[in-house]
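Colleague: For reference, this is upload-v3.csv, and it has CSV, C-alpha atoms.
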```csv
chain,number,residue,atom,x,y,z
J,1,MET,CA,9.9,16.5,13.7
J,2,LEU,CA,6.2,16.3,14.7
J,3,ASN,CA,5.6,19.5,12.8
J,4,LEU,CA,6.9,17.8,9.6
J,5,PHE,CA,4.5,14.9,9.9
J,6,TRP,CA,1.6,17.2,10.7
J,7,ALA,CA,2.5,19.4,7.7
J,8,MET,CA,2.5,16.3,5.4
J,9,ILE,CA,-0.8,15.2,6.7
J,10,LYS,CA,-2.3,18.6,6.0
J,11,LYS,CA,-0.6,18.7,2.6
J,12,GLU,CA,-2.2,15.4,1.7
J,13,TYR,CA,-5.6,16.6,2.9
J,14,TYR,CA,-5.4,19.8,0.8
J,15,ASP,CA,-4.2,17.8,-2.2
J,16,ARG,CA,-7.1,15.4,-2.0
J,17,ARG,CA,-9.6,18.1,-1.3
J,18,PHE,CA,-8.4,20.3,-4.2
J,19,TYR,CA,-8.3,17.3,-6.5
J,20,PHE,CA,-11.5,15.9,-5.2
J,21,PHE,CA,-12.8,14.8,-8.6
J,22,ASN,CA,-9.6,12.7,-9.0
J,23,THR,CA,-10.2,11.0,-5.7
J,24,LEU,CA,-13.8,10.2,-6.6
J,25,SER,CA,-12.6,8.9,-10.0
J,26,TYR,CA,-10.1,6.6,-8.3
J,27,ILE,CA,-12.8,5.2,-6.0
J,28,PHE,CA,-15.2,4.7,-8.9
J,29,THR,CA,-12.5,3.0,-11.0
J,30,LEU,CA,-11.5,0.6,-8.3
J,31,TYR,CA,-15.2,-0.1,-7.6
J,32,MET,CA,-15.9,-0.9,-11.3
J,33,ILE,CA,-12.9,-3.2,-11.4
J,34,PHE,CA,-14.3,-5.0,-8.4
J,35,LEU,CA,-17.7,-5.3,-10.1
J,36,PHE,CA,-16.2,-7.1,-13.0
J,37,VAL,CA,-14.2,-9.4,-10.7
J,38,PHE,CA,-17.2,-10.1,-8.5
J,39,LEU,CA,-19.7,-10.8,-11.3
J,40,GLY,CA,-17.2,-13.1,-13.1
J,41,ALA,CA,-16.3,-15.0,-9.9
J,42,LYS,CA,-20.0,-15.3,-9.0
J,43,SER,CA,-20.8,-16.8,-12.4
J,44,PHE,CA,-18.0,-19.4,-12.3
J,45,LEU,CA,-17.6,-20.1,-8.6
J,46,GLY,CA,-20.9,-19.2,-7.0
J,47,ASN,CA,-21.2,-17.5,-3.6
J,48,LYS,CA,-18.7,-19.6,-1.6
J,49,THR,CA,-15.6,-17.4,-2.3
J,50,ILE,CA,-17.2,-14.0,-2.2
J,51,GLU,CA,-15.9,-13.0,1.2
J,52,GLY,CA,-12.4,-14.0,0.2
J,53,ILE,CA,-12.7,-11.9,-3.0
J,54,VAL,CA,-13.9,-8.8,-1.0
J,55,VAL,CA,-11.0,-9.0,1.5
J,56,GLY,CA,-8.4,-9.8,-1.2
J,57,PHE,CA,-9.6,-6.9,-3.4
J,58,TRP,CA,-9.5,-4.6,-0.4
J,59,ILE,CA,-5.8,-5.6,0.3
J,60,TRP,CA,-4.9,-5.4,-3.4
J,61,GLY,CA,-6.4,-1.9,-3.7
J,62,SER,CA,-4.5,-0.8,-0.6
J,63,THR,CA,-1.2,-1.9,-2.2
J,64,LEU,CA,-1.7,0.2,-5.3
J,65,ASP,CA,-1.4,3.5,-3.5
J,66,SER,CA,1.3,2.3,-1.1
J,67,TYR,CA,3.6,1.0,-3.8
J,68,SER,CA,3.6,3.9,-6.1
J,69,LEU,CA,3.1,6.8,-3.7
J,70,LEU,CA,6.8,7.8,-3.1
J,71,SER,CA,7.9,7.3,-6.7
J,72,LEU,CA,5.0,9.2,-8.2
J,73,SER,CA,5.6,12.0,-5.7
J,74,LEU,CA,9.3,12.2,-6.6
J,75,ILE,CA,8.5,12.2,-10.3
J,76,SER,CA,5.9,15.0,-9.8
J,77,GLU,CA,8.4,17.1,-7.8
J,78,ALA,CA,11.1,16.6,-10.4
J,79,ARG,CA,8.7,17.6,-13.1
J,80,LEU,CA,7.8,20.8,-11.2
J,81,GLY,CA,11.4,21.5,-10.4
J,82,THR,CA,10.9,21.4,-6.6
J,83,LEU,CA,12.6,18.1,-5.8
J,84,GLU,CA,15.9,19.7,-4.8
J,85,GLN,CA,14.1,22.0,-2.4
J,86,LEU,CA,12.8,18.9,-0.5
J,87,PHE,CA,16.4,17.8,-0.1
J,88,MET,CA,17.2,21.1,1.5
J,89,ILE,CA,14.7,20.7,4.4
J,90,PRO,CA,16.7,20.5,7.7
J,91,TYR,CA,15.0,17.2,8.8
J,92,GLY,CA,16.5,15.4,5.8
J,93,PHE,CA,14.7,13.9,2.8
J,94,LYS,CA,14.4,10.5,4.4
J,95,TRP,CA,12.2,11.9,7.1
J,96,VAL,CA,10.3,13.8,4.5
J,97,SER,CA,9.6,10.5,2.7
J,98,ALA,CA,8.6,8.8,5.9
J,99,ALA,CA,6.1,11.7,6.6
J,100,MET,CA,4.7,11.2,3.1
J,101,ILE,CA,4.1,7.6,3.9
J,102,VAL,CA,2.5,8.2,7.2
J,103,ALA,CA,0.1,10.7,5.7
J,104,ASN,CA,-0.7,8.3,2.9
J,105,PHE,CA,-1.4,5.5,5.5
J,106,ILE,CA,-4.2,7.7,7.0
J,107,TYR,CA,-5.9,8.8,3.8
J,108,SER,CA,-5.4,5.5,2.0
J,109,PHE,CA,-7.1,3.6,4.9
J,110,LEU,CA,-10.1,6.0,4.8
J,111,ILE,CA,-10.5,5.7,1.0
J,112,GLN,CA,-10.1,1.9,1.0
J,113,SER,CA,-12.6,1.7,3.9
J,114,ILE,CA,-15.2,3.5,1.7
J,115,ILE,CA,-14.5,1.0,-1.1
J,116,LEU,CA,-14.8,-1.9,1.4
J,117,ILE,CA,-18.2,-0.6,2.5
J,118,LEU,CA,-19.3,-0.3,-1.2
J,119,MET,CA,-18.2,-3.9,-1.8
J,120,MET,CA,-20.0,-5.3,1.1
J,121,ILE,CA,-23.2,-3.5,0.1
J,122,THR,CA,-22.9,-4.7,-3.4
J,123,THR,CA,-22.2,-8.4,-2.5
J,124,GLY,CA,-24.6,-8.4,0.5
J,125,LYS,CA,-21.7,-10.0,2.5
J,126,PHE,CA,-21.2,-7.9,5.7
J,127,LEU,CA,-17.9,-8.9,7.3
J,128,HIS,CA,-16.7,-8.5,10.9
J,129,LEU,CA,-15.2,-5.0,11.2
J,130,ASP,CA,-13.2,-5.4,14.3
J,131,VAL,CA,-11.0,-2.3,14.0
J,132,VAL,CA,-8.9,-3.2,17.0
J,133,SER,CA,-7.7,-6.3,15.1
J,134,ILE,CA,-8.0,-5.2,11.5
J,135,ILE,CA,-6.1,-1.9,11.7
J,136,PRO,CA,-2.8,-3.3,13.2
J,137,LEU,CA,-2.8,-6.2,10.8
J,138,TRP,CA,-3.5,-3.9,7.8
J,139,ILE,CA,-0.7,-1.5,8.8
J,140,ILE,CA,1.8,-4.3,9.3
J,141,THR,CA,0.8,-5.9,6.0
J,142,ILE,CA,1.1,-2.7,4.0
J,143,ILE,CA,4.4,-1.7,5.6
J,144,ALA,CA,6.1,-4.3,3.5
J,145,ILE,CA,4.7,-2.7,0.4
J,146,HIS,CA,6.0,0.6,1.5
J,147,GLY,CA,9.4,-1.0,1.6
J,148,LEU,CA,9.0,-2.0,-2.0
J,149,GLY,CA,7.8,1.6,-2.6
J,150,PHE,CA,11.1,2.9,-1.2
J,151,MET,CA,13.0,0.8,-3.6
J,152,LEU,CA,10.9,2.1,-6.5
J,153,GLY,CA,11.4,5.6,-5.2
J,154,GLY,CA,15.1,5.2,-5.2
J,155,LEU,CA,15.0,4.0,-8.8
J,156,ALA,CA,12.8,7.1,-9.7
J,157,LEU,CA,15.6,9.4,-8.4
J,158,ILE,CA,17.9,8.0,-11.1
J,159,TYR,CA,15.8,6.8,-14.0
J,160,LYS,CA,12.7,9.1,-13.6
J,161,ARG,CA,10.3,7.3,-15.9
J,162,ILE,CA,9.5,3.9,-14.4
J,163,SER,CA,5.7,3.8,-14.8
J,164,SER,CA,5.8,0.6,-16.8
J,165,SER,CA,6.7,-1.3,-13.6
J,166,TYR,CA,3.4,-0.3,-12.0
J,167,GLN,CA,1.4,-2.5,-14.3
J,168,ILE,CA,3.7,-5.4,-13.7
J,169,MET,CA,3.6,-5.1,-10.0
J,170,GLN,CA,-0.2,-5.0,-10.0
J,171,LEU,CA,-0.2,-8.6,-11.3
J,172,VAL,CA,2.6,-9.6,-8.9
J,173,PHE,CA,0.6,-8.3,-5.9
J,174,ALA,CA,-2.5,-10.3,-7.1
J,175,PHE,CA,-0.3,-13.4,-7.2
J,176,LEU,CA,1.2,-12.8,-3.7
J,177,ILE,CA,-2.3,-12.3,-2.2
J,178,ALA,CA,-3.5,-15.6,-3.8
J,179,ALA,CA,-0.3,-17.5,-2.8
J,180,PRO,CA,-1.1,-20.7,-0.8
J,181,VAL,CA,0.8,-19.8,2.4
J,182,GLU,CA,-0.9,-22.7,4.3
J,183,LYS,CA,0.8,-25.2,2.0
J,184,HIS,CA,4.2,-23.7,1.6
J,185,LEU,CA,6.0,-22.3,4.6
J,186,TYR,CA,8.4,-20.1,2.5
J,187,LEU,CA,5.5,-18.2,1.0
J,188,LYS,CA,4.8,-16.7,4.5
J,189,PHE,CA,8.0,-14.8,4.2
J,190,LEU,CA,6.8,-13.0,1.0
J,191,PRO,CA,4.7,-9.8,1.2
J,192,LEU,CA,0.9,-9.8,1.4
J,193,GLY,CA,0.0,-13.5,1.4
J,194,LEU,CA,0.2,-14.1,5.2
J,195,GLY,CA,-1.2,-10.8,6.1
J,196,TYR,CA,-4.2,-11.3,3.7
J,197,ARG,CA,-4.9,-14.7,5.3
J,198,MET,CA,-4.9,-13.3,8.8
J,199,ILE,CA,-7.1,-10.4,7.9
J,200,GLN,CA,-9.5,-12.7,6.2
J,201,LYS,CA,-9.7,-14.8,9.4
J,202,VAL,CA,-10.5,-11.7,11.4
J,203,MET,CA,-13.1,-10.3,8.9
J,204,HIS,CA,-14.7,-13.6,7.8
J,205,ASP,CA,-14.4,-15.8,10.9
J,206,GLY,CA,-14.6,-13.1,13.6
J,207,ILE,CA,-11.3,-14.1,15.1
J,208,LYS,CA,-9.5,-11.6,17.3
J,209,ILE,CA,-5.9,-10.6,16.6
J,210,TRP,CA,-4.8,-12.2,19.9
J,211,GLU,CA,-6.4,-15.5,18.9
J,212,LEU,CA,-4.3,-15.8,15.8
J,213,PRO,CA,-1.2,-18.0,15.8
J,214,GLY,CA,1.6,-16.2,17.6
J,215,THR,CA,4.2,-17.6,15.2
J,216,ASP,CA,2.4,-16.2,12.2
J,217,LEU,CA,2.2,-12.8,13.9
J,218,LEU,CA,5.9,-12.8,14.5
J,219,ILE,CA,6.7,-13.9,10.9
J,220,LEU,CA,4.4,-11.2,9.5
J,221,SER,CA,5.9,-8.4,11.7
J,222,PHE,CA,9.5,-9.5,11.1
J,223,THR,CA,9.2,-9.8,7.4
J,224,SER,CA,7.2,-6.6,6.9
J,225,PHE,CA,9.7,-4.5,8.9
J,226,LEU,CA,12.6,-6.3,7.1
J,227,TYR,CA,11.2,-5.3,3.7
J,228,LEU,CA,10.8,-1.8,5.0
J,229,PHE,CA,14.4,-1.7,6.3
J,230,ILE,CA,15.8,-3.1,3.0
J,231,GLY,CA,13.7,-0.7,1.0
J,232,PHE,CA,14.9,2.2,3.1
J,233,ALA,CA,18.5,1.1,2.6
J,234,VAL,CA,18.1,0.8,-1.1
J,235,PHE,CA,16.5,4.2,-1.3
J,236,SER,CA,19.4,5.7,0.7
J,237,TYR,CA,21.9,4.2,-1.7
J,238,PHE,CA,20.1,5.6,-4.8
J,239,GLU,CA,19.6,9.0,-3.1
J,240,LYS,CA,23.4,9.2,-2.5
J,241,LYS,CA,24.0,8.1,-6.1
J,242,ALA,CA,21.6,10.7,-7.5
J,243,ARG,CA,23.4,13.4,-5.5
J,244,ASN,CA,26.8,12.3,-6.8
J,245,MET,CA,25.5,12.2,-10.4
J,246,GLY,CA,23.7,15.5,-10.1
J,247,VAL,CA,20.5,14.3,-11.5
J,248,LEU,CA,18.0,15.3,-8.8
J,249,SER,CA,16.6,18.2,-10.8
J,250,HIS,CA,16.6,16.3,-14.1
J,251,TYR,CA,13.4,14.8,-15.6
```
What is this structure when it is put down as structure tokens?
Modeller:
Amino acid sequence: MLNLFWAMIKKEYYDRRFYFFNTLSYIFTLYMIFLFVFLGAKSFLGNKTIEGIVVGFWIWGSTLDSYSLLSLSLISEARLGTLEQLFMIPYGFKWVSAAMIVANFIYSFLIQSIILILMMITTGKFLHLDVVSIIPLWIITIIAIHGLGFMLGGLALIYKRISSSYQIMQLVFAFLIAAPVEKHLYLKFLPLGLGYRMIQKVMHDGIKIWELPGTDLLILSFTSFLYLFIGFAVFSYFEKKARNMGVLSHY
């Protein structure tokens, strides 16, 4: 099992190294989007909200890879005609998908960290980078998005072309990050909002993870793993349906 995860980590490394220009283009594109957001916010709101914009954009950028990773990988494998071969791996395709996600976690965090540093240099706002507190909160927050990614991956097995949903979800993620979780308790049970607020407190106010409200940590952990579990269950359902329909190799 460990060999599977290590193989996926190496595969992700070789893919990103071989398509290095694509990785650089992705970083440049996200950075340019941030510049437009930053300059616009500075013109209308001044400097008071810059730290929140930096943290919020960092979380938003992290969600883009996480949400679309599995579905794009499945579509790519189907296009190449190798999707059925992944289902023949002895470990089972669910564990292959989990290994993809773990590999993406590692490289996505590295890429988003580069973008975060560029944003701090651009704005002149250097946040508290307490990795002991930030990394666990970031992982737990993004886990919920991988649950949604599993759902989308299941749909990709059946319907193949679902790229139009990516643009819609980008707006939904921005809304969830900006959701006023302090005013409405039910918003804490939605993805991203609570995690963003907690990461912002760590990076802006210098609070340690153990100094955050225990109730909020429990809600964040419970809801994130609940979304992951539901997403995994939905993916399993669509995987079985795709097998019965015989559409795994179709594109």
Colleague: So which residues touch Thr122 in chain J within 12 Å, counting only C-alpha atoms, skipping near sequence neighbours fewer than 6 positions away, as a PyMOL selection string?
Modeller: chain J and resi 31-32+34-36+38-39+50-51+54+115-116
Colleague: Using only C-alpha atoms, which residue out of J:Thr141, J:Thr123, J:Ser97, J:Thr63 lies closest to Leu4 in chain J?
Modeller: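 Smallest distance to Leu4 in chain J is found for J:Ser97.
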Colleague: Counting only C-alpha atoms, which residue out of J:Leu129, J:Tyr196, J:Ser68, J:Gly206 sits closest to Ile117 in chain J?
Modeller: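 Nearest candidate to Ile117 in chain J out of J:Leu129, J:Tyr196, J:Ser68, J:Gly206: J:Leu129.
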Colleague: How many Å lie between CA of Phe93 in chain J and CA of Gly154 in chain J, rounded to one decimal?
Modeller: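 CA of Gly154 in chain J lies at a distance of 11.8 Å from CA of Phe93 in chain J.
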Colleague: Write out as JSON, numbers by chain each polymer residue whose atoms come within 7 Å of range 213-223 of chain J, counting only C-alpha atoms; drop sequence neighbours fewer than 3 positions from it.
Modeller: {"J": [140, 189, 194, 195, 226, 227]}
Colleague: Fewer than 2 positions away in the same chain doesn't count, so skip those; otherwise give me all residues within 8 Å of Leu152 in chain J, counting all atoms listed in the file, as JSON, numbers by chain.
Modeller: {"J": [67, 68, 70, 71, 148, 149, 150, 154, 155, 156, 235]}
Colleague: For those residues, write C-alpha atoms to a file as a compact mmCIF listing (two decimals), in the frame of the given file.
Modeller:
```
# COMPACT_ATOMS: atom_id res chain seq x y z
CA TYR J 67 3.60 1.00 -3.80
CA SER J 68 3.60 3.90 -6.10
CA LEU J 70 6.80 7.80 -3.10
CA SER J 71 7.90 7.30 -6.70
CA LEU J 148 9.00 -2.00 -2.00
CA GLY J 149 7.80 1.60 -2.60
CA PHE J 150 11.10 2.90 -1.20
CA GLY J 154 15.10 5.20 -5.20
CA LEU J 155 15.00 4.00 -8.80
CA ALA J 156 12.80 7.10 -9.70
CA PHE J 235 16.50 4.20 -1.30
```
Colleague: Let me make sure I understand: among J:Ile143, J:Met119, J:Met245, J:Val102, which one has the smallest atom-to-atom distance to Tyr159 in chain J if we use all atoms listed in the file?
Modeller: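 The answer is J:Met245, which sits nearest to Tyr159 in chain J.
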Colleague: Could you state the separation of CA of Gly147 in chain J and CA of Ala233 in chain J in Å, given to one decimal place?
Modeller: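 So the answer is 9.4 Å.
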Colleague: Between CA of Gly61 in chain J and CA of Ala98 in chain J, what is the distance, to one decimal in Å?
Modeller: 20.8 Å
Colleague: For Asp130 in chain J, which of J:Arg16, J:Ile199, J:Trp58, J:Ala41 is the closest residue, counting only C-alpha atoms?
Modeller: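 Looking only at the distances to Asp130 in chain J, the closest residue turns out to be J:Ile199.
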Colleague: Pick the closest to Ala174 in chain J from J:Pro90, J:Leu2, J:Ile158, J:Leu192: which is it, counting only C-alpha atoms?
Modeller: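 For Ala174 in chain J, the nearest of the candidates is J:Leu192.
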